[in-house]
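J.: Could you have a look at this structure, given as structure tokens, before my questions?
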Amino acid sequence: MEYLSEKFSLEGKTVAVTGGGGTIAKALAEAYIQAGANITLWGHRAQSIEETKRFLSDKLSCEDRVQVVVCDTSQEEDVRKAVDACCEIFGGIDVLVNAAGGNRGKAPLVDLDIKVFQEVVNLNLIAGLVVPTKVVAAYWIAEERPGCIINMASMSSYIPLSGVWAYNASKSAVKNLTMACAKEFAHAGIRVNAIAPGFFIGKQNRDLLIDRETKEFTPRGMDVLRHTPMGRFGDVQELAGVALLLASEKAAGFITGVTIPVDGGYLVDNI
Ligand SMILES: NC(=O)c1ccc[n+]([C@@H]2O[C@H](COP(=O)([O-])OP(=O)(O)OC[C@H]3O[C@@H](n4cnc5c(N)ncnc54)[C@H](O)[C@@H]3O)[C@@H](O)[C@H]2O)c1
């Protein structure tokens with residue numbers, strides 16, 4: 001056990017999680033706290049990040065290790081202030097988890113609302129990756145401090161999902177930029193990787209997968225299950241192992257530029 005804790009402990013480290021009020025952010029924050037880290041939750045909705053903080057504090061008795069910062073991660077100035085706030089309380093940041101992201105509905109391409117398309121690209125790419133990466137990597141480089149970034153890719157980073165045009169475009173770019181940033185920042189001791197969750201029911205996709213009125217799976221939800229060899233949706237707790245691995249310098253210090261699927265076999269489905 002000592003060997004495991006030496007490899008995976010995040011004692012004394014600080015993890016910044018964007019989209020801090022979200023479903024996956026909450027599960028990952030819980031895993032990082034259990035591994036000994038401090039957490040700073042960055043989200044643009046005060047209520048949801050406060051709720052996550054309360055949940056974590058009640059469950060893990062860790063109030064002094066969880067900070068919330070109201071922050072729109074598409075805005076550089078907001079992210080700079082969040083970095084400063086985190087440095088003031090915890091003395092620095094070691095890991096950035098880019099978990100802000102999501103989708104808005106689906107439509108045939110010919111009916112596409114271009115404004116919605118731009119919003120989703122802005123959410124997943126600008127707020128979900130580019131701005132926080134730019135600001136936090138600049139901080140690490142200026143401080144000559146190593147760092148680790150974990151992005152959120154998707155199954156649509158590999159194979160487009162029908163009707164979610166902006167989500168496909170932005171999530172394939174997340175995988176691409178994970179590789180590009182890994183190369184860009186390797187010289188500075190900054191590793192950049194991504195997790196590609198299969199299907200986990202969250203706020204962003206609930207309405208696509210479960211009928212609000214009947215509570216039954218939608219035809220799309222049934223399709224997902226048919227295409228997932230393990231025949232079920234994931235439980236967000238099942239993302240913890242890979243999140244801990246990628247964050248740990250001792251366990252993953254030579255891993256950079258990869259996207260790791262956690263998908264019940266979705267990507268290996270065949271006929
Ligand atoms: N749930 C899944 O099945 C699944 C699958 C694959 C990938 N993902 C990806 O994982 C990430 C998290 O997904 P989730 O299911 O937890 O989503 P979620 O909707 O529960 O959480 C996303 C959070 O991001 C926050 N957010 C949105 N815009 C923001 C901004 N500009 N600044 C700060 N915060 C902002 C939202 O308020 C929300 O709390 C997303 O990138 C999503 O695309 C999720």
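Labels used: A, B, ... for chains in the order of the structure tokens, numbers from 1 for residues in each chain, and numbers from 1 for ligands as shown.
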Do you know which residues are within 8 Å of ligand 1 using only C-alpha atoms and all ligand atoms? Can you write them as a ChimeraX atom specification?
T.: /A:18-26,42-45,48-49,70-75,98-103,123-124,127-128,151-155,167,171,196-205,234,236
J.: Using only C-alpha atoms, which protein or nucleic acid residues come within 12 Å of Phe217 in chain A? Drop anything in the same chain fewer than 4 positions from it, and give the result as a PDB file with C-alpha atoms, in the first residue's frame.
T.:
```pdb
ATOM      1  CA  ILE A 201     -25.596  10.719 -17.869  1.00  0.00           C
ATOM      2  CA  ASN A 205     -26.912  15.037 -22.288  1.00  0.00           C
ATOM      3  CA  ARG A 206     -29.750  13.911 -19.981  1.00  0.00           C
ATOM      4  CA  ASP A 207     -32.489  15.190 -22.290  1.00  0.00           C
ATOM      5  CA  LEU A 208     -30.941  13.470 -25.299  1.00  0.00           C
ATOM      6  CA  LEU A 209     -30.753  10.115 -23.526  1.00  0.00           C
ATOM      7  CA  ILE A 210     -33.725   9.967 -21.137  1.00  0.00           C
ATOM      8  CA  ASP A 211     -37.289  11.070 -21.876  1.00  0.00           C
ATOM      9  CA  ARG A 212     -38.233  13.712 -19.287  1.00  0.00           C
ATOM     10  CA  GLU A 213     -41.847  12.554 -19.015  1.00  0.00           C
ATOM     11  CA  GLY A 221     -30.253   6.400 -25.392  1.00  0.00           C
ATOM     12  CA  MET A 222     -31.147   2.883 -26.596  1.00  0.00           C
ATOM     13  CA  ASP A 223     -28.756   3.301 -29.549  1.00  0.00           C
ATOM     14  CA  VAL A 224     -25.938   4.212 -27.192  1.00  0.00           C
ATOM     15  CA  LEU A 225     -26.565   1.109 -25.095  1.00  0.00           C
ATOM     16  CA  ARG A 226     -26.692  -1.081 -28.215  1.00  0.00           C
ATOM     17  CA  ARG A 232     -24.683   0.161 -19.816  1.00  0.00           C
ATOM     18  CA  PHE A 233     -23.963   3.826 -19.189  1.00  0.00           C
TER      19      PHE A 233
END
```
J.: Extract, using only C-alpha atoms, all DNA, RNA and protein residues at most 10 Å from Val164 in chain A, discarding same-chain residues fewer than 4 positions from it, and format them as a PyMOL selection string.
T.: chain A and resi 103-109+112+117+120+156+160+168-169
J.: Compile the contact shell of range 91-94 of chain A as a list in words: residues with an atom at most 8 Å away, counting only C-alpha atoms, same-chain residues fewer than 2 positions apart removed.
T.: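 Non-adjacent residues within range: Lys13, Thr14, Val15, Ala16, Val83, Cys86, Cys87, Glu88, Ile89, Leu96, Pro146, Gly147 and Cys148 of chain A.
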J.: Can you work out which one of A:Ser9, A:Ser157, A:Thr178, A:Ser162 has the shortest atom-to-atom distance to Arg220 in chain A, counting only C-alpha atoms?
T.: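 Closest candidate: A:Ser162.
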J.: Could you check how far CA of Leu125 in chain A sits from CA of Asp269 in chain A, in Å to one decimal?
T.: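 Calculated distance between CA of Leu125 in chain A and CA of Asp269 in chain A is 27.8 Å.
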J.: Pick out the residues sitting within 12 Å of Ala138 in chain A, and hand them over as a PyMOL selection string; count only C-alpha atoms, and ignore anything fewer than 6 positions along from it in its own chain.
T.: chain A and resi 76+79-80+83+130-132+144-147+184-185+188+190
J.: I'd like to know which residues of range 97-147 of chain A are helix (DSSP H, G or I) (by DSSP, run on the backbone); could you write them as a VMD selection string?
T.: chain A and resid 109 to 111 114 to 143
J.: Could you save the residues just selected, with C-alpha atoms, as a short mmCIF file (atom, residue, chain, number, x, y, z; two decimals), in the first residue's frame?
T.:
```cif
data_model
loop_
_atom_site.label_atom_id
_atom_site.label_comp_id
_atom_site.auth_asym_id
_atom_site.auth_seq_id
_atom_site.Cartn_x
_atom_site.Cartn_y
_atom_site.Cartn_z
CA LEU A 109 -27.32 20.33 -40.66
CA VAL A 110 -29.76 22.17 -42.92
CA ASP A 111 -31.68 23.42 -39.85
CA ILE A 114 -25.34 29.08 -36.45
CA LYS A 115 -25.51 31.11 -33.25
CA VAL A 116 -25.98 27.92 -31.22
CA PHE A 117 -23.15 26.29 -33.17
CA GLN A 118 -20.85 29.17 -32.21
CA GLU A 119 -21.95 28.99 -28.57
CA VAL A 120 -21.12 25.29 -28.35
CA VAL A 121 -17.72 25.77 -30.00
CA ASN A 122 -17.07 28.66 -27.64
CA LEU A 123 -18.07 26.52 -24.66
CA ASN A 124 -15.96 23.46 -25.50
CA LEU A 125 -12.97 25.12 -27.09
CA ILE A 126 -12.61 28.69 -25.83
CA ALA A 127 -13.99 28.25 -22.29
CA GLY A 128 -13.33 24.51 -22.20
CA LEU A 129 -9.69 24.52 -23.26
CA VAL A 130 -7.98 27.48 -24.91
CA VAL A 131 -8.41 30.28 -22.38
CA PRO A 132 -7.69 28.32 -19.17
CA THR A 133 -4.79 26.51 -20.86
CA LYS A 134 -3.30 29.77 -22.11
CA VAL A 135 -3.55 31.54 -18.76
CA VAL A 136 -2.50 28.66 -16.49
CA ALA A 137 0.36 27.52 -18.76
CA ALA A 138 1.63 31.13 -18.86
CA TYR A 139 1.55 31.18 -15.06
CA TRP A 140 3.48 27.88 -14.82
CA ILE A 141 6.07 29.02 -17.35
CA ALA A 142 6.56 32.38 -15.58
CA GLU A 143 6.94 30.58 -12.22
#
```
J.: Pick the closest to Lys175 in chain A from A:Val97, A:Arg191, A:Ser5, A:Val258: which is it, counting only C-alpha atoms?
T.: A:Val258
J.: Which residue is closest to Ile149 in chain A? Choose from A:Ala243, A:Phe90, A:Cys62, A:Tyr32 and count only C-alpha atoms.
T.: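 When distances to Ile149 in chain A are compared using only C-alpha atoms, the smallest one comes from A:Ala243.
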J.: Give me every strand (DSSP E) residue in range 71-209 of chain A, going by DSSP on the backbone, as a PDB file with C-alpha atoms, in the first residue's frame.
T.:
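Below is the file that was written, selection-v8.pdb:
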```
ATOM      1  CA  VAL A  95      -3.040  20.408 -12.101  1.00  0.00           C
ATOM      2  CA  LEU A  96      -5.655  22.025 -14.354  1.00  0.00           C
ATOM      3  CA  VAL A  97      -8.691  19.907 -15.241  1.00  0.00           C
ATOM      4  CA  ASN A  98     -10.601  21.471 -18.110  1.00  0.00           C
ATOM      5  CA  GLY A 147       2.213  21.437 -14.483  1.00  0.00           C
ATOM      6  CA  CYS A 148      -0.354  18.985 -15.747  1.00  0.00           C
ATOM      7  CA  ILE A 149      -3.454  19.617 -17.843  1.00  0.00           C
ATOM      8  CA  ILE A 150      -6.312  17.163 -18.267  1.00  0.00           C
ATOM      9  CA  ASN A 151      -8.850  17.961 -20.993  1.00  0.00           C
ATOM     10  CA  MET A 152     -12.292  16.451 -21.571  1.00  0.00           C
ATOM     11  CA  ILE A 190       3.896  20.668 -18.529  1.00  0.00           C
ATOM     12  CA  ARG A 191       2.096  17.450 -19.488  1.00  0.00           C
ATOM     13  CA  VAL A 192      -1.179  17.664 -21.414  1.00  0.00           C
ATOM     14  CA  ASN A 193      -3.544  14.703 -21.740  1.00  0.00           C
ATOM     15  CA  ALA A 194      -7.271  14.103 -22.108  1.00  0.00           C
ATOM     16  CA  ILE A 195      -9.945  11.732 -20.921  1.00  0.00           C
ATOM     17  CA  ALA A 196     -12.576  10.685 -23.454  1.00  0.00           C
ATOM     18  CA  PRO A 197     -15.626   9.613 -21.450  1.00  0.00           C
TER      19      PRO A 197
END
```
J.: Quick one: distance from CA of Ala173 in chain A to CA of Tyr266 in chain A in Å, one decimal?
T.: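 Interatomic distance here is 19.7 Å.
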